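> Handing over final_37.txt, compact mmCIF, C-alpha atoms (C1' of nucleotides).
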```txt
# COMPACT_ATOMS: atom_id res chain seq x y z
CA MET A 1 -13.47 97.92 64.20
CA ALA A 2 -10.67 95.45 64.82
CA GLU A 3 -8.53 96.44 61.86
CA ALA A 4 -7.86 99.84 63.36
CA ALA A 5 -6.52 98.27 66.53
CA ASP A 6 -4.45 95.84 64.50
CA ASP A 7 -2.96 98.70 62.58
CA ARG A 8 -2.14 100.61 65.68
CA LEU A 9 -0.30 97.64 67.11
CA ARG A 10 1.48 97.01 63.84
CA LEU A 11 2.64 100.60 63.60
CA LEU A 12 4.00 100.53 67.11
CA ILE A 13 5.85 97.29 66.40
CA GLU A 14 7.30 98.70 63.21
CA ARG A 15 8.54 101.81 64.97
CA ILE A 16 10.25 99.62 67.50
CA GLU A 17 11.81 97.50 64.80
CA ARG A 18 13.21 100.53 63.04
CA LEU A 19 14.68 101.84 66.25
CA GLU A 20 16.18 98.47 67.06
CA GLU A 21 17.84 98.39 63.68
CA GLU A 22 19.42 101.76 64.34
CA LYS A 23 20.49 100.60 67.74
CA LYS A 24 22.05 97.50 66.29
CA GLY A 25 23.89 99.62 63.74
CA ILE A 26 25.45 101.68 66.48
CA GLY A 27 26.28 98.56 68.42
CA ASP A 28 28.15 97.36 65.37
CA ASP A 29 30.00 100.64 65.15
CA ILE A 30 31.07 100.26 68.75
CA LYS A 31 32.28 96.77 68.03
CA ASP A 32 34.28 98.15 65.13
CA VAL A 33 36.03 100.62 67.38
CA TYR A 34 36.95 97.87 69.83
CA ASN A 35 38.31 95.78 66.97
CA GLU A 36 40.31 98.72 65.73
CA ALA A 37 41.69 99.14 69.23
CA LYS A 38 42.54 95.49 69.46
CA ALA A 39 44.32 95.67 66.12
CA VAL A 40 46.72 98.24 67.56
CA GLY A 41 47.30 96.23 70.71
CA TYR A 42 44.74 97.42 73.24
CA ASP A 43 42.77 95.07 75.45
CA ALA A 44 39.07 95.48 74.78
CA LYS A 45 37.92 94.01 78.05
CA ILE A 46 39.96 96.48 80.04
CA MET A 47 38.85 99.31 77.81
CA ARG A 48 35.31 98.42 78.80
CA GLN A 49 36.27 98.74 82.43
CA ILE A 50 37.69 102.17 81.69
CA VAL A 51 34.49 103.23 80.01
CA ARG A 52 32.57 102.06 83.05
CA LEU A 53 34.87 103.93 85.45
CA ARG A 54 34.59 107.13 83.44
CA LYS A 55 30.83 106.91 83.67
CA MET A 56 31.02 107.19 87.44
CA LYS A 57 31.16 110.43 89.33
CA PRO A 58 34.81 110.99 90.35
CA ASP A 59 34.01 111.04 94.05
CA ASP A 60 32.01 107.85 93.84
CA ARG A 61 34.77 106.25 91.86
CA ARG A 62 37.44 107.12 94.39
CA GLU A 63 35.26 105.99 97.25
CA MET A 64 34.62 102.68 95.52
CA GLU A 65 38.27 102.18 94.75
CA MET A 66 39.22 102.84 98.34
CA VAL A 67 36.77 100.32 99.71
CA LEU A 68 37.95 97.80 97.15
CA GLU A 69 41.54 98.31 98.26
CA THR A 70 40.51 97.80 101.86
CA TYR A 71 38.78 94.53 101.06
CA LYS A 72 41.65 93.35 98.92
CA THR A 73 44.06 93.98 101.75
CA ALA A 74 41.79 92.13 104.17
CA LEU A 75 41.76 89.13 101.86
CA GLY A 76 45.45 89.16 101.07
CA LEU A 77 44.92 90.24 97.47
CA GLY A 78 46.97 93.36 97.95
CA MET B 22 56.66 108.80 72.99
CA ALA B 23 54.09 107.75 75.52
CA GLU B 24 51.79 110.71 75.07
CA ALA B 25 50.97 109.70 71.53
CA ALA B 26 49.86 106.27 72.68
CA ASP B 27 47.85 107.83 75.49
CA ASP B 28 46.12 110.06 72.99
CA ARG B 29 45.32 107.22 70.71
CA LEU B 30 43.70 105.29 73.53
CA ARG B 31 41.84 108.35 74.72
CA LEU B 32 40.47 109.03 71.26
CA LEU B 33 39.25 105.48 70.90
CA ILE B 34 37.55 105.64 74.28
CA GLU B 35 35.91 108.93 73.44
CA ARG B 36 34.57 107.57 70.17
CA ILE B 37 33.09 104.64 72.07
CA GLU B 38 31.53 106.97 74.60
CA ARG B 39 29.90 109.06 71.93
CA LEU B 40 28.48 105.98 70.24
CA GLU B 41 27.22 104.64 73.53
CA GLU B 42 25.41 107.88 74.18
CA GLU B 43 23.69 107.63 70.82
CA LYS B 44 22.84 104.05 71.54
CA LYS B 45 21.39 104.96 74.89
CA GLY B 46 19.29 107.65 73.24
CA ILE B 47 17.77 105.13 70.89
CA GLY B 48 17.20 102.74 73.74
CA ASP B 49 15.23 105.48 75.45
CA ASP B 50 13.20 106.06 72.31
CA ILE B 51 12.34 102.38 72.22
CA LYS B 52 11.28 102.53 75.83
CA ASP B 53 9.06 105.49 74.98
CA VAL B 54 7.29 103.51 72.29
CA TYR B 55 6.64 100.66 74.70
CA ASN B 56 5.25 103.10 77.21
CA GLU B 57 3.05 104.65 74.58
CA ALA B 58 1.80 101.17 73.68
CA LYS B 59 1.17 100.36 77.30
CA ALA B 60 -0.78 103.58 77.70
CA VAL B 61 -3.25 102.40 75.07
CA GLY B 62 -3.57 98.98 76.62
CA TYR B 63 -0.97 96.79 74.96
CA ASP B 64 1.20 94.38 76.89
CA ALA B 65 4.85 95.34 76.45
CA LYS B 66 6.22 91.98 77.42
CA ILE B 67 4.20 90.21 74.77
CA MET B 68 5.07 92.88 72.24
CA ARG B 69 8.69 92.00 72.87
CA GLN B 70 7.91 88.40 72.06
CA ILE B 71 6.30 89.51 68.83
CA VAL B 72 9.35 91.52 67.89
CA ARG B 73 11.48 88.46 68.54
CA LEU B 74 9.24 86.22 66.44
CA ARG B 75 9.26 88.67 63.55
CA LYS B 76 13.03 88.66 63.57
CA MET B 77 13.05 84.98 62.72
CA LYS B 78 12.81 83.61 59.20
CA PRO B 79 9.19 82.50 58.66
CA ASP B 80 10.19 78.91 57.97
CA ASP B 81 12.34 78.72 61.06
CA ARG B 82 9.57 80.28 63.08
CA ARG B 83 6.98 77.77 61.91
CA GLU B 84 9.35 74.90 62.49
CA MET B 85 10.09 76.12 65.98
CA GLU B 86 6.41 76.63 66.77
CA MET B 87 5.61 73.11 65.58
CA VAL B 88 8.24 71.53 67.76
CA LEU B 89 7.09 73.62 70.68
CA GLU B 90 3.52 72.41 70.17
CA THR B 91 4.72 68.82 70.07
CA TYR B 92 6.58 69.21 73.33
CA LYS B 93 3.69 70.99 74.97
CA THR B 94 1.38 68.17 74.02
CA ALA B 95 3.85 65.64 75.36
CA LEU B 96 3.93 67.48 78.66
CA GLY B 97 0.21 68.07 78.93
CA LEU B 98 0.54 71.82 78.40
CA GLY B 99 -1.66 71.72 75.29
CA MET C 14 41.28 95.25 116.17
CA ALA C 15 41.41 95.13 112.40
CA GLU C 16 42.22 91.46 112.13
CA ALA C 17 38.87 90.47 113.53
CA ALA C 18 37.07 92.48 110.88
CA ASP C 19 39.31 91.03 108.21
CA ASP C 20 38.46 87.56 109.38
CA ARG C 21 34.79 88.24 109.38
CA LEU C 22 34.94 89.46 105.81
CA ARG C 23 37.10 86.54 104.76
CA LEU C 24 34.71 84.04 106.31
CA LEU C 25 31.75 85.59 104.54
CA ILE C 26 33.60 85.50 101.23
CA GLU C 27 34.57 81.90 101.75
CA ARG C 28 31.00 80.90 102.51
CA ILE C 29 29.92 82.56 99.29
CA GLU C 30 32.64 80.80 97.36
CA ARG C 31 31.60 77.43 98.69
CA LEU C 32 27.99 78.06 97.79
CA GLU C 33 28.94 79.25 94.33
CA GLU C 34 30.87 76.06 93.76
CA GLU C 35 27.83 74.01 94.70
CA LYS C 36 25.73 76.15 92.46
CA LYS C 37 28.11 75.67 89.60
CA GLY C 38 28.04 71.92 90.15
CA ILE C 39 24.29 71.88 89.81
CA GLY C 40 24.49 74.09 86.76
CA ASP C 41 26.79 71.51 85.23
CA ASP C 42 24.35 68.75 86.09
CA ILE C 43 21.61 70.68 84.32
CA LYS C 44 23.83 71.07 81.30
CA ASP C 45 24.42 67.32 81.34
CA VAL C 46 20.71 66.62 81.23
CA TYR C 47 20.29 68.96 78.27
CA ASN C 48 23.14 67.22 76.49
CA GLU C 49 21.62 63.85 77.21
CA ALA C 50 18.35 65.13 75.77
CA LYS C 51 20.07 66.47 72.71
CA ALA C 52 21.80 63.12 72.21
CA VAL C 53 18.41 61.46 71.86
CA GLY C 54 17.13 64.10 69.48
CA TYR C 55 15.44 66.74 71.61
CA ASP C 56 15.91 70.45 71.03
CA ALA C 57 17.44 72.02 74.12
CA LYS C 58 16.34 75.53 73.33
CA ILE C 59 12.71 74.52 73.07
CA MET C 60 13.02 72.41 76.19
CA ARG C 61 14.06 75.58 77.96
CA GLN C 62 10.91 77.25 76.75
CA ILE C 63 8.89 74.35 78.12
CA VAL C 64 10.57 74.67 81.48
CA ARG C 65 9.73 78.35 81.49
CA LEU C 66 6.09 77.71 80.58
CA ARG C 67 5.73 75.07 83.29
CA LYS C 68 6.99 77.54 85.84
CA MET C 69 4.04 79.80 85.16
CA LYS C 70 0.68 79.41 86.85
CA PRO C 71 -1.64 77.64 84.38
CA ASP C 72 -4.10 80.53 84.30
CA ASP C 73 -1.38 83.06 83.70
CA ARG C 74 0.08 80.87 81.01
CA ARG C 75 -3.22 80.51 79.17
CA GLU C 76 -3.90 84.20 79.46
CA MET C 77 -0.45 85.02 78.09
CA GLU C 78 -0.84 82.56 75.25
CA MET C 79 -4.18 84.03 74.28
CA VAL C 80 -2.85 87.55 74.15
CA LEU C 81 0.13 86.35 72.16
CA GLU C 82 -2.18 84.69 69.65
CA THR C 83 -4.20 87.87 69.33
CA TYR C 84 -1.09 89.92 68.62
CA LYS C 85 0.23 87.36 66.18
CA THR C 86 -3.02 87.46 64.28
CA ALA C 87 -2.95 91.25 64.22
CA LEU C 88 0.55 91.15 62.77
CA GLY C 89 -0.13 88.41 60.26
CA LEU C 90 2.05 85.90 62.09
CA GLY C 91 -0.84 83.51 62.57
CA MET D 11 4.69 54.26 70.43
CA ALA D 12 4.44 57.96 71.12
CA GLU D 13 3.75 57.66 74.83
CA ALA D 14 7.21 56.28 75.46
CA ALA D 15 8.80 59.29 73.78
CA ASP D 16 6.51 61.61 75.72
CA ASP D 17 7.56 59.99 78.93
CA ARG D 18 11.20 60.26 78.10
CA LEU D 19 10.85 63.97 77.45
CA ARG D 20 8.79 64.46 80.58
CA LEU D 21 11.35 62.69 82.72
CA LEU D 22 14.16 64.80 81.33
CA ILE D 23 12.18 67.96 81.98
CA GLU D 24 11.40 66.89 85.51
CA ARG D 25 15.03 66.17 86.26
CA ILE D 26 15.90 69.62 85.02
CA GLU D 27 13.21 71.17 87.16
CA ARG D 28 14.43 69.44 90.27
CA LEU D 29 17.97 70.57 89.62
CA GLU D 30 16.83 74.12 88.98
CA GLU D 31 15.02 74.15 92.28
CA GLU D 32 18.17 73.10 94.05
CA LYS D 33 20.11 75.72 92.18
CA LYS D 34 17.62 78.36 93.15
CA GLY D 35 17.89 77.30 96.76
CA ILE D 36 21.61 77.81 96.72
CA GLY D 37 21.20 81.13 94.97
CA ASP D 38 18.95 82.16 97.84
CA ASP D 39 21.55 81.04 100.35
CA ILE D 40 24.13 83.17 98.60
CA LYS D 41 21.79 86.12 98.73
CA ASP D 42 21.37 85.52 102.45
CA VAL D 43 25.10 85.69 103.00
CA TYR D 44 25.31 88.97 101.13
CA ASN D 45 22.47 90.34 103.21
CA GLU D 46 24.17 89.20 106.38
CA ALA D 47 27.34 90.94 105.19
CA LYS D 48 25.42 94.10 104.39
CA ALA D 49 23.84 94.02 107.83
CA VAL D 50 27.29 94.28 109.43
CA GLY D 51 28.34 97.08 107.11
CA TYR D 52 30.00 95.44 104.12
CA ASP D 53 29.33 96.53 100.56
CA ALA D 54 27.88 93.62 98.61
CA LYS D 55 28.78 94.99 95.21
CA ILE D 56 32.42 95.26 96.12
CA MET D 57 32.35 91.86 97.74
CA ARG D 58 31.24 90.50 94.38
CA GLN D 59 34.25 92.11 92.79
CA ILE D 60 36.45 90.43 95.36
CA VAL D 61 34.90 87.07 94.63
CA ARG D 62 35.58 87.62 90.94
CA LEU D 63 39.20 88.61 91.57
CA ARG D 64 39.80 85.58 93.77
CA LYS D 65 38.55 83.36 90.97
CA MET D 66 41.38 84.53 88.72
CA LYS D 67 44.83 83.01 88.68
CA PRO D 68 47.10 85.36 90.67
CA ASP D 69 49.38 86.02 87.71
CA ASP D 70 46.50 86.83 85.43
CA ARG D 71 45.03 89.07 88.09
CA ARG D 72 48.23 91.03 88.53
CA GLU D 73 48.70 91.33 84.79
CA MET D 74 45.17 92.59 84.37
CA GLU D 75 45.54 95.07 87.22
CA MET D 76 48.74 96.42 85.71
CA VAL D 77 47.18 96.99 82.33
CA LEU D 78 44.21 98.64 83.98
CA GLU D 79 46.51 100.99 85.87
CA THR D 80 48.29 101.87 82.66
CA TYR D 81 45.04 102.72 80.92
CA LYS D 82 43.78 104.68 83.88
CA THR D 83 46.95 106.75 83.89
CA ALA D 84 46.64 107.35 80.16
CA LEU D 85 43.12 108.63 80.65
CA GLY D 86 43.82 110.72 83.70
CA LEU D 87 41.90 108.46 86.04
CA GLY D 88 44.96 107.79 88.16
C1' DA E 14 11.12 97.94 100.42
C1' DT E 15 10.82 94.05 97.83
C1' DT E 16 10.56 91.69 93.69
C1' DT E 17 10.65 91.71 88.57
C1' DT E 18 12.35 92.96 84.35
C1' DA E 19 15.60 94.55 80.83
C1' DG E 20 20.08 95.54 79.27
C1' DG E 21 24.86 94.78 79.16
C1' DA E 22 29.18 92.13 79.79
C1' DG E 23 31.66 88.02 80.05
C1' DT E 24 32.17 83.00 79.29
C1' DG E 25 32.06 78.81 76.98
C1' DC E 26 30.63 76.13 73.27
C1' DA E 27 29.90 75.04 68.55
C1' DA E 28 30.07 75.45 63.91
C1' DC E 29 32.49 76.64 60.02
C1' DG F 14 41.06 79.72 64.88
C1' DT F 15 37.69 82.81 65.02
C1' DT F 16 33.19 84.05 64.54
C1' DG F 17 28.82 83.73 66.32
C1' DC F 18 25.41 81.97 69.55
C1' DA F 19 23.51 80.85 73.93
C1' DC F 20 23.72 81.09 78.75
C1' DT F 21 24.88 83.27 83.08
C1' DC F 22 25.71 87.03 85.82
C1' DC F 23 25.30 91.57 87.32
C1' DT F 24 23.47 96.04 87.64
C1' DA F 25 20.02 99.41 86.97
C1' DA F 26 15.24 100.55 86.52
C1' DA F 27 10.32 99.47 87.28
C1' DA F 28 6.56 97.98 89.22
C1' DT F 29 4.07 96.68 93.09
```
Can you present the structure in this file as structure tokens?

Amino acid sequence: MAEAADDRLRLLIERIERLEEEKKGIGDDIKDVYNEAKAVGYDAKIMRQIVRLRKMKPDDRREMEMVLETYKTALGLG
Amino acid sequence: MAEAADDRLRLLIERIERLEEEKKGIGDDIKDVYNEAKAVGYDAKIMRQIVRLRKMKPDDRREMEMVLETYKTALGLG
Amino acid sequence: MAEAADDRLRLLIERIERLEEEKKGIGDDIKDVYNEAKAVGYDAKIMRQIVRLRKMKPDDRREMEMVLETYKTALGLG
Amino acid sequence: MAEAADDRLRLLIERIERLEEEKKGIGDDIKDVYNEAKAVGYDAKIMRQIVRLRKMKPDDRREMEMVLETYKTALGLG
DNA sequence: ATTTTAGGAGTGCAAC
DNA sequence: GTTGCACTCCTAAAAT
């Protein structure tokens, strides 16, 4: 019976759509926070870098930063 | 007083981090649904196309599909 | 001798930079063609879809299109 | 006469496809350089950061780095 | 281990 | 001018 299969697919799609709406809502909330930050003078792009750095394990972060410094020195970007 | 500014930035960052966690959670839920769909034989990639098509306004979708057909015919992809 | 290592890194970086410039140049050329197409009335976005479809193996493309049709029918997007 | 229009579209598409092939070729060359660099012990990910930094105007780069340092200090990532 | 795929970030363009 | 869209790039995850 094809209708059963159709329904199953439709239900899966609808679940995904609901979840994507939620996800979009949260994405909008995040955007709001960045705008709020910008309004008081913070730089959103650099805040994103901070968020990324804080996601890393401290040891990995330090290691990465050290290698970066080394390369920068080698290239005269010190 | 610099500490106040530091705190303000930190609080903004922490709000963003909390929201990103939530967002990631929902992203994982979506992934689960796709896996569930795959497990019963559906093609996730094509399901994503369906989700995209359903996001469009029906008139826009039909218009787009018509133009696409025209181009496909012109290119011998009919 | 650190300078030798520095030079090696610098040379690699410079090769990459040269290649990226070339790549950017070609990207600009592609953009020009799309603009030219738009100027005579074609829809760039749909042209991109055509390019994507033509990249696929014909059998894969037909297979994909058939599954897509099936799903669209199931969802009432026919 | 529809065939003329079809041809025009086809020719535009083919020009794009040729350019995209070239672009892909260069992309592969870039990948080769990164692999070569990796083979002698360099970290490709950090090399990409270097390439990005070198693309910036020196003043902008320094400004950005200073702000980043400020934020890192504020967040205890110093 | 290699290639593909998806998600996220940044950039530039375009429309309003 | 700024908001949104589309494209590119990069990284991480997946699949093979």
> Could I get chain B fitted onto chain D (least squares, all C-alpha atoms, in order) as a JSON list (two decimals) with C-alpha atoms, in the coordinates of the input?

```json
[["chain", "number", "residue", "atom", "x", "y", "z"],
["B", 22, "MET", "CA", 4.82, 54.29, 70.39],
["B", 23, "ALA", "CA", 4.48, 57.97, 71.07],
["B", 24, "GLU", "CA", 3.81, 57.68, 74.77],
["B", 25, "ALA", "CA", 7.26, 56.31, 75.42],
["B", 26, "ALA", "CA", 8.85, 59.31, 73.75],
["B", 27, "ASP", "CA", 6.55, 61.63, 75.68],
["B", 28, "ASP", "CA", 7.62, 59.99, 78.90],
["B", 29, "ARG", "CA", 11.25, 60.29, 78.08],
["B", 30, "LEU", "CA", 10.90, 64.00, 77.43],
["B", 31, "ARG", "CA", 8.83, 64.47, 80.55],
["B", 32, "LEU", "CA", 11.40, 62.70, 82.69],
["B", 33, "LEU", "CA", 14.20, 64.83, 81.32],
["B", 34, "ILE", "CA", 12.22, 67.99, 81.99],
["B", 35, "GLU", "CA", 11.41, 66.89, 85.51],
["B", 36, "ARG", "CA", 15.06, 66.18, 86.25],
["B", 37, "ILE", "CA", 15.92, 69.66, 85.03],
["B", 38, "GLU", "CA", 13.22, 71.17, 87.19],
["B", 39, "ARG", "CA", 14.46, 69.42, 90.28],
["B", 40, "LEU", "CA", 18.01, 70.59, 89.63],
["B", 41, "GLU", "CA", 16.84, 74.12, 89.02],
["B", 42, "GLU", "CA", 15.04, 74.12, 92.33],
["B", 43, "GLU", "CA", 18.21, 73.06, 94.09],
["B", 44, "LYS", "CA", 20.12, 75.69, 92.22],
["B", 45, "LYS", "CA", 17.63, 78.33, 93.20],
["B", 46, "GLY", "CA", 17.93, 77.26, 96.83],
["B", 47, "ILE", "CA", 21.65, 77.79, 96.75],
["B", 48, "GLY", "CA", 21.20, 81.10, 95.03],
["B", 49, "ASP", "CA", 18.98, 82.13, 97.92],
["B", 50, "ASP", "CA", 21.61, 81.01, 100.41],
["B", 51, "ILE", "CA", 24.16, 83.17, 98.65],
["B", 52, "LYS", "CA", 21.80, 86.10, 98.79],
["B", 53, "ASP", "CA", 21.40, 85.50, 102.52],
["B", 54, "VAL", "CA", 25.14, 85.70, 103.05],
["B", 55, "TYR", "CA", 25.31, 88.99, 101.18],
["B", 56, "ASN", "CA", 22.49, 90.34, 103.29],
["B", 57, "GLU", "CA", 24.22, 89.20, 106.43],
["B", 58, "ALA", "CA", 27.38, 90.97, 105.24],
["B", 59, "LYS", "CA", 25.44, 94.09, 104.45],
["B", 60, "ALA", "CA", 23.88, 94.03, 107.90],
["B", 61, "VAL", "CA", 27.33, 94.32, 109.45],
["B", 62, "GLY", "CA", 28.36, 97.11, 107.14],
["B", 63, "TYR", "CA", 30.00, 95.48, 104.14],
["B", 64, "ASP", "CA", 29.30, 96.57, 100.59],
["B", 65, "ALA", "CA", 27.82, 93.66, 98.65],
["B", 66, "LYS", "CA", 28.66, 95.04, 95.26],
["B", 67, "ILE", "CA", 32.33, 95.32, 96.10],
["B", 68, "MET", "CA", 32.28, 91.91, 97.72],
["B", 69, "ARG", "CA", 31.12, 90.57, 94.38],
["B", 70, "GLN", "CA", 34.13, 92.17, 92.76],
["B", 71, "ILE", "CA", 36.36, 90.50, 95.30],
["B", 72, "VAL", "CA", 34.81, 87.13, 94.58],
["B", 73, "ARG", "CA", 35.45, 87.70, 90.90],
["B", 74, "LEU", "CA", 39.07, 88.70, 91.48],
["B", 75, "ARG", "CA", 39.70, 85.65, 93.65],
["B", 76, "LYS", "CA", 38.42, 83.43, 90.89],
["B", 77, "MET", "CA", 41.23, 84.56, 88.64],
["B", 78, "LYS", "CA", 44.69, 83.02, 88.62],
["B", 79, "PRO", "CA", 46.97, 85.34, 90.64],
["B", 80, "ASP", "CA", 49.28, 85.95, 87.70],
["B", 81, "ASP", "CA", 46.42, 86.79, 85.39],
["B", 82, "ARG", "CA", 44.95, 89.04, 88.03],
["B", 83, "ARG", "CA", 48.18, 90.98, 88.51],
["B", 84, "GLU", "CA", 48.67, 91.27, 84.78],
["B", 85, "MET", "CA", 45.16, 92.56, 84.35],
["B", 86, "GLU", "CA", 45.52, 95.04, 87.20],
["B", 87, "MET", "CA", 48.76, 96.36, 85.72],
["B", 88, "VAL", "CA", 47.23, 96.95, 82.33],
["B", 89, "LEU", "CA", 44.24, 98.59, 83.95],
["B", 90, "GLU", "CA", 46.54, 100.94, 85.87],
["B", 91, "THR", "CA", 48.36, 101.82, 82.66],
["B", 92, "TYR", "CA", 45.13, 102.67, 80.91],
["B", 93, "LYS", "CA", 43.84, 104.65, 83.85],
["B", 94, "THR", "CA", 47.00, 106.71, 83.88],
["B", 95, "ALA", "CA", 46.70, 107.28, 80.15],
["B", 96, "LEU", "CA", 43.18, 108.55, 80.64],
["B", 97, "GLY", "CA", 43.88, 110.67, 83.68],
["B", 98, "LEU", "CA", 41.91, 108.39, 86.00],
["B", 99, "GLY", "CA", 44.98, 107.71, 88.16]]
```
> What gap, in Å, lies between CA of Asp19 in chain C and CA of Ala74 in chain A?
4.9 Å
> Pick out the chain E residues within 12 Å of chain A. Count all atoms listed in the file. Give them as a list in words.
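Interface list for chain E against chain A: DG21, DA22 and DG23 of chain E.
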> For the selection just defined, write its residues with C-alpha atoms (C1' of nucleotides) to a file, as a PDB file, in the frame of the given file.

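Result saved to result.pdb:
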```
ATOM      1  C1'  DG E  21      24.860  94.780  79.160  1.00  0.00           C
ATOM      2  C1'  DA E  22      29.180  92.130  79.790  1.00  0.00           C
ATOM      3  C1'  DG E  23      31.660  88.020  80.050  1.00  0.00           C
TER       4       DG E  23
END
```
> Taking only C-alpha atoms into account, find every residue of chain A that has an atom no more than 12 Å from chain C, and write it out as a list of chain:residue names.
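Per the criterion, chain A yields A:Ala2, A:Glu3, A:Ala4, A:Ala5, A:Asp6, A:Asp7, A:Arg8, A:Leu9, A:Arg10, A:Leu11, A:Leu12, A:Ile13, A:Glu14, A:Thr70, A:Tyr71, A:Lys72, A:Thr73, A:Ala74, A:Leu75, A:Gly76, A:Leu77.
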> Given 5 Å of margin on each side, can you work out the centre and size in Å (one decimal) of an axis-aligned box holding every listed atom of range 66-69 of chain B, as AutoDock Vina command-line options?

```
--center_x 6.4 --center_y 91.5 --center_z 74.8 --size_x 14.5 --size_y 12.7 --size_z 15.2
```
> In the coordinate frame of the file, compute which residues have an atom within 12 Å of (26.2, 81.2, 76.6) when using only C-alpha atoms (C1' of nucleotides), and state them as an NGL selection string.
(:C and (44 or 58)) or (:E and (22-27)) or (:F and (17-22))
> Identify all chain D residues at most 12 Å from chain F by counting all atoms listed in the file; ligands do not count. Present them as an NGL selection string.
:D and (37 or 54-56 or 58-59 or 62)
> To one decimal place in Å, what is the distance between CA of Met47 in chain A and CA of Glu41 in chain B?
13.5 Å
